[in-house]
Structure formats: C-alpha cells, structure tokens
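Take a look at the structure set out below.
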Amino acid sequence: MRLPVDVVVTATDPATLAVKKASRTIPVVMLAVNFDPVKLGYIGSLARPGGNITGLVFQHHELTSKRFELFREMLPTVSRVAVFSDSETVDQLSALEAANRSVGVKLQTLQLRNPPYDFESAFRTISRSGAEALLVLEAASIYRGRSEITQLALKNRLPTSFAFPDYVEAGGLMSYGVNFGDMWRHAARYTDKVLKGAKPADLPVEQPRNFELAINLKTAKALKLTTPPSLLLRADSIIE
C-alpha cells in the first residue's frame, strides 16, 4: 500500500482481509472463492458493495449436489463413497450429506488434519473401509496435493470426482465446477474498469456463469468403466 498502488487484486480470504485492514480507499478486486464476503463484512451486498472492494464470488458448496449427481450418473451401482474433507469444507460436506438423504449412498467421510496432508495414510484408511469411489471436497490444502491424490486413486483403482479440471488432467476421472480461467479474465476486466475510473462501490460483485464437466476417458478405461453417452454429450472437456 505504501508503493502506492492504484488497485489491488486478491484471490484468498486472508489477502482480502489484509488489504481491507490496510486501506479503506484503495480499490480492491477480489476473487472470493469459498468464503462469503457479505457475511464477513467486506462488502454491503453483491448488488451494492458500498466500499472500496468489488470483484467475483464463488462458493463450492453451491455446486456440491450437482457434482454428486453427475458422479452417481457415472457410477450408478456404487453404494459406498469415500469423501475427503477438512476444516475448510464444512459447508460442502453439509451440502453433500443433504443431497444424499434421498439417495442413500453410504458416505465414508475422512477428515484430513494438519496440512500438508498425509494422503498415503488417507488412502490406506479408504482401502480398509471398502469404499468403491472417492469424492474430494475442495480446499487449498487439498488442491495442493492433487497430483498425489489422482495417482494414489489410480493405484487403488478408485473412480474420483473433483471440483477442478486440473485434477482430471492429472489423472482424475471427472470434475464439475466453475471455470476459473473465466473468473480471472473477468477480474482483469474489472481491474481495467477501476483503472479507468470506475468506483468499486458501483460495480456489483458477480457470480460465475460458466461451469465445466471434464471427463478423463483414459482413466475410465484403466478402471474398466463405461462412460454413459449422456455424460459424454454434456462434457465440456474430454481427455482421451
């Protein structure tokens, strides 16, 4: 802030909070991923931010039930699903449990603690539990282990569901979630508006409109799974 700068772009809750504490006048464009900026007092409302902060907001729990639905469509006979969760995914876990009430799949939640997480130990626990698939909830400390998670899942022959296509590119089976490339491009457009004189208080905080279904057919083949044509037709990205 002492440089000084004309605008600050933030991509995490701690960063947004730090900037808010440091200045109430320098414009901020935030990517509020997995936290509620209204509830935390960063903005007055999505439509009328009211201060020096604007940007985009997305919370993973809003798509959890849809992701679960797509995973079940891929694996209609699976009855026991392991779930990776941690302290940052409480809302996602609640949304998943609510979506499962009318389905009755056995959810075996494994709470990851003390990052960096010991994923090898987590997979040993899953193996003993008899889980037939793995749904991974999304948090920064989990995302950092995406390559290890996908490779261990393949080694243990577990179909997987994630929030980001990055996991699918690393060998995961499927993902459904927001297009973060679009979010970052939109943040760039907001930054441009601010640099040209727009006030953050007058720029509504927007929510993403584009969501992507990604499927790794190479992984499906390795797991001897047949991907339903209905999913292939809806997929935005297919890895062969």
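Identifiers for the structure tokens are assigned positionally: chains receive A, B, ... in sequence, residues are indexed from 1 per chain, and ligands are indexed from 1 in the order shown.
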Excluding segment 65-71 of chain A and its own-chain neighbours fewer than 5 positions away, which residues fall within 12 Å of it when counting only C-alpha atoms? Please give them as an NGL selection string. :A and (60 or 76-79 or 81 or 83 or 91-103 or 105 or 107 or 133-138 or 159-164 or 173-178 or 211-215 or 227-228 or 230-232 or 234-235)
Give me, as an MDAnalysis selection string, the residues of segment 18-79 of chain A that a backbone DSSP run labels alpha helix (DSSP H). chainID A and resid 18:22 61:74
Suppose we keep N, CA and C atoms; can you now write the selection as a PDB file, in the first residue's frame?
ATOM      1  N   ALA A  18      -6.462  -8.658   4.738  1.00  0.00           N
ATOM      2  CA  ALA A  18      -5.271  -7.845   4.983  1.00  0.00           C
ATOM      3  C   ALA A  18      -5.354  -6.500   4.270  1.00  0.00           C
ATOM      4  N   VAL A  19      -5.829  -6.529   3.017  1.00  0.00           N
ATOM      5  CA  VAL A  19      -5.950  -5.283   2.252  1.00  0.00           C
ATOM      6  C   VAL A  19      -7.028  -4.391   2.856  1.00  0.00           C
ATOM      7  N   LYS A  20      -8.133  -4.994   3.282  1.00  0.00           N
ATOM      8  CA  LYS A  20      -9.218  -4.213   3.888  1.00  0.00           C
ATOM      9  C   LYS A  20      -8.731  -3.501   5.152  1.00  0.00           C
ATOM     10  N   LYS A  21      -7.912  -4.187   5.947  1.00  0.00           N
ATOM     11  CA  LYS A  21      -7.383  -3.583   7.165  1.00  0.00           C
ATOM     12  C   LYS A  21      -6.379  -2.473   6.856  1.00  0.00           C
ATOM     13  N   ALA A  22      -5.670  -2.617   5.739  1.00  0.00           N
ATOM     14  CA  ALA A  22      -4.619  -1.659   5.398  1.00  0.00           C
ATOM     15  C   ALA A  22      -5.150  -0.383   4.762  1.00  0.00           C
ATOM     16  N   HIS A  61     -19.801 -25.075  -2.169  1.00  0.00           N
ATOM     17  CA  HIS A  61     -20.930 -25.878  -1.701  1.00  0.00           C
ATOM     18  C   HIS A  61     -22.158 -25.725  -2.592  1.00  0.00           C
ATOM     19  N   GLU A  62     -22.208 -24.608  -3.352  1.00  0.00           N
ATOM     20  CA  GLU A  62     -23.362 -24.374  -4.220  1.00  0.00           C
ATOM     21  C   GLU A  62     -23.444 -25.395  -5.360  1.00  0.00           C
ATOM     22  N   LEU A  63     -22.326 -26.017  -5.710  1.00  0.00           N
ATOM     23  CA  LEU A  63     -22.314 -26.991  -6.805  1.00  0.00           C
ATOM     24  C   LEU A  63     -22.125 -28.428  -6.332  1.00  0.00           C
ATOM     25  N   THR A  64     -22.002 -28.618  -5.020  1.00  0.00           N
ATOM     26  CA  THR A  64     -21.695 -29.949  -4.494  1.00  0.00           C
ATOM     27  C   THR A  64     -22.761 -30.972  -4.857  1.00  0.00           C
ATOM     28  N   SER A  65     -24.023 -30.619  -4.716  1.00  0.00           N
ATOM     29  CA  SER A  65     -25.090 -31.587  -5.008  1.00  0.00           C
ATOM     30  C   SER A  65     -25.111 -31.965  -6.486  1.00  0.00           C
ATOM     31  N   LYS A  66     -24.843 -30.994  -7.377  1.00  0.00           N
ATOM     32  CA  LYS A  66     -24.806 -31.289  -8.809  1.00  0.00           C
ATOM     33  C   LYS A  66     -23.623 -32.195  -9.126  1.00  0.00           C
ATOM     34  N   ARG A  67     -22.490 -31.937  -8.493  1.00  0.00           N
ATOM     35  CA  ARG A  67     -21.313 -32.779  -8.717  1.00  0.00           C
ATOM     36  C   ARG A  67     -21.581 -34.204  -8.250  1.00  0.00           C
ATOM     37  N   PHE A  68     -22.256 -34.345  -7.136  1.00  0.00           N
ATOM     38  CA  PHE A  68     -22.610 -35.662  -6.608  1.00  0.00           C
ATOM     39  C   PHE A  68     -23.563 -36.380  -7.566  1.00  0.00           C
ATOM     40  N   GLU A  69     -24.505 -35.651  -8.109  1.00  0.00           N
ATOM     41  CA  GLU A  69     -25.463 -36.222  -9.060  1.00  0.00           C
ATOM     42  C   GLU A  69     -24.754 -36.765 -10.294  1.00  0.00           C
ATOM     43  N   LEU A  70     -23.801 -35.994 -10.826  1.00  0.00           N
ATOM     44  CA  LEU A  70     -23.057 -36.423 -12.013  1.00  0.00           C
ATOM     45  C   LEU A  70     -22.174 -37.632 -11.712  1.00  0.00           C
ATOM     46  N   PHE A  71     -21.600 -37.661 -10.517  1.00  0.00           N
ATOM     47  CA  PHE A  71     -20.754 -38.782 -10.109  1.00  0.00           C
ATOM     48  C   PHE A  71     -21.583 -40.058 -10.020  1.00  0.00           C
ATOM     49  N   ARG A  72     -22.783 -39.946  -9.490  1.00  0.00           N
ATOM     50  CA  ARG A  72     -23.675 -41.097  -9.390  1.00  0.00           C
ATOM     51  C   ARG A  72     -24.131 -41.563 -10.777  1.00  0.00           C
ATOM     52  N   GLU A  73     -24.270 -40.620 -11.691  1.00  0.00           N
ATOM     53  CA  GLU A  73     -24.645 -40.982 -13.055  1.00  0.00           C
ATOM     54  C   GLU A  73     -23.520 -41.785 -13.717  1.00  0.00           C
ATOM     55  N   MET A  74     -22.291 -41.424 -13.393  1.00  0.00           N
ATOM     56  CA  MET A  74     -21.141 -42.157 -13.913  1.00  0.00           C
ATOM     57  C   MET A  74     -21.054 -43.544 -13.281  1.00  0.00           C
TER      58      MET A  74
END
I need the residues in segment 142-224 of chain A that are strand (DSSP E or B) according to DSSP; give them as a list in words. Thr160, Ser161, Phe162, Met174, Ser175, Tyr176, Gly177, Val178, Glu206, Phe211, Glu212, Leu213, Ala214, Ile215 and Asn216 of chain A
Give me a file of those residues, with C-alpha atoms, as a PDB file, in the first residue's frame.
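That gives us out_30.pdb:
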ATOM      1  CA  THR A 160     -12.789 -39.987  -8.426  1.00  0.00           C
ATOM      2  CA  SER A 161     -14.828 -36.772  -8.513  1.00  0.00           C
ATOM      3  CA  PHE A 162     -13.305 -33.300  -8.154  1.00  0.00           C
ATOM      4  CA  MET A 174     -14.160 -36.474 -13.627  1.00  0.00           C
ATOM      5  CA  SER A 175     -14.766 -32.962 -12.358  1.00  0.00           C
ATOM      6  CA  TYR A 176     -17.551 -30.428 -12.322  1.00  0.00           C
ATOM      7  CA  GLY A 177     -17.101 -26.847 -11.246  1.00  0.00           C
ATOM      8  CA  VAL A 178     -16.500 -23.245 -12.061  1.00  0.00           C
ATOM      9  CA  GLU A 206     -20.663 -11.018  -9.812  1.00  0.00           C
ATOM     10  CA  PHE A 211     -19.354 -24.331 -15.275  1.00  0.00           C
ATOM     11  CA  GLU A 212     -17.438 -27.224 -16.767  1.00  0.00           C
ATOM     12  CA  LEU A 213     -17.791 -31.004 -16.778  1.00  0.00           C
ATOM     13  CA  ALA A 214     -14.487 -32.724 -17.533  1.00  0.00           C
ATOM     14  CA  ILE A 215     -14.008 -36.475 -18.028  1.00  0.00           C
ATOM     15  CA  ASN A 216     -10.799 -38.468 -18.435  1.00  0.00           C
TER      16      ASN A 216
END
Point-to-point distance from atom CA of Arg185 of chain A to atom CA of Ala47 of chain A, Å rounded to tenths: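 Distance between the two atoms: 20.2 Å.
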For atom CA of Leu195 of chain A and atom CA of Asp6 of chain A, the interatomic separation in Å (one decimal): 7.0 Å
Which polymer residues have any atom within 10 Å of an atom of Thr226 of chain A, counting only C-alpha atoms, with same-chain residues fewer than 2 positions away left out, as a count of residues only? 9
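Going from atom CA of Gly130 of chain A to atom CA of Ala82 of chain A covers 8.9 Å.
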Compare A:Lys196, A:Arg124, A:His186, A:Arg157 by their minimum atom-to-atom distance to Val7 of chain A, counting only C-alpha atoms, and give me the closest one.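 The answer is A:Lys196, which sits nearest to Val7 of chain A.
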Surrounding residues of Tyr117 of chain A excluding itself and chain neighbours under 3 positions, 9 Å, only C-alpha atoms, as an MDAnalysis selection string: chainID A and resid 112:114 120:122 141:142 145
The selected residues should be written to file as a short mmCIF file (atom, residue, chain, number, x, y, z; two decimals), in the first residue's frame (atoms: N, CA and C atoms).
data_model
loop_
_atom_site.label_atom_id
_atom_site.label_comp_id
_atom_site.auth_asym_id
_atom_site.auth_seq_id
_atom_site.Cartn_x
_atom_site.Cartn_y
_atom_site.Cartn_z
N LEU A 112 -9.33 -34.84 6.93
CA LEU A 112 -7.89 -34.61 6.83
C LEU A 112 -7.49 -33.53 7.83
N ARG A 113 -6.38 -33.76 8.53
CA ARG A 113 -5.94 -32.81 9.55
C ARG A 113 -4.44 -32.54 9.43
N ASN A 114 -4.05 -31.35 9.89
CA ASN A 114 -2.64 -30.95 9.98
C ASN A 114 -1.92 -30.98 8.63
N GLU A 120 -1.23 -40.70 1.61
CA GLU A 120 -0.99 -42.15 1.57
C GLU A 120 -1.71 -42.84 2.73
N SER A 121 -1.63 -42.25 3.90
CA SER A 121 -2.34 -42.80 5.06
C SER A 121 -3.85 -42.74 4.85
N ALA A 122 -4.32 -41.65 4.24
CA ALA A 122 -5.75 -41.49 3.97
C ALA A 122 -6.24 -42.59 3.03
N SER A 141 -5.58 -26.62 0.84
CA SER A 141 -4.62 -27.63 1.29
C SER A 141 -4.83 -28.98 0.60
N ILE A 142 -6.05 -29.24 0.15
CA ILE A 142 -6.32 -30.47 -0.61
C ILE A 142 -5.87 -30.30 -2.05
N GLY A 145 -2.38 -31.07 -3.16
CA GLY A 145 -1.99 -32.47 -3.30
C GLY A 145 -2.67 -33.18 -4.46
#
Determine, counting only C-alpha atoms, which protein, DNA and RNA residues have an atom within 8 Å of an atom of Lys199 of chain A; residues of the same chain fewer than 4 positions away are not included. Present the result as a list of chain:residue names.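 These residues fall inside the cut-off: A:Pro27, A:Asn52, A:Val194, A:Leu203.
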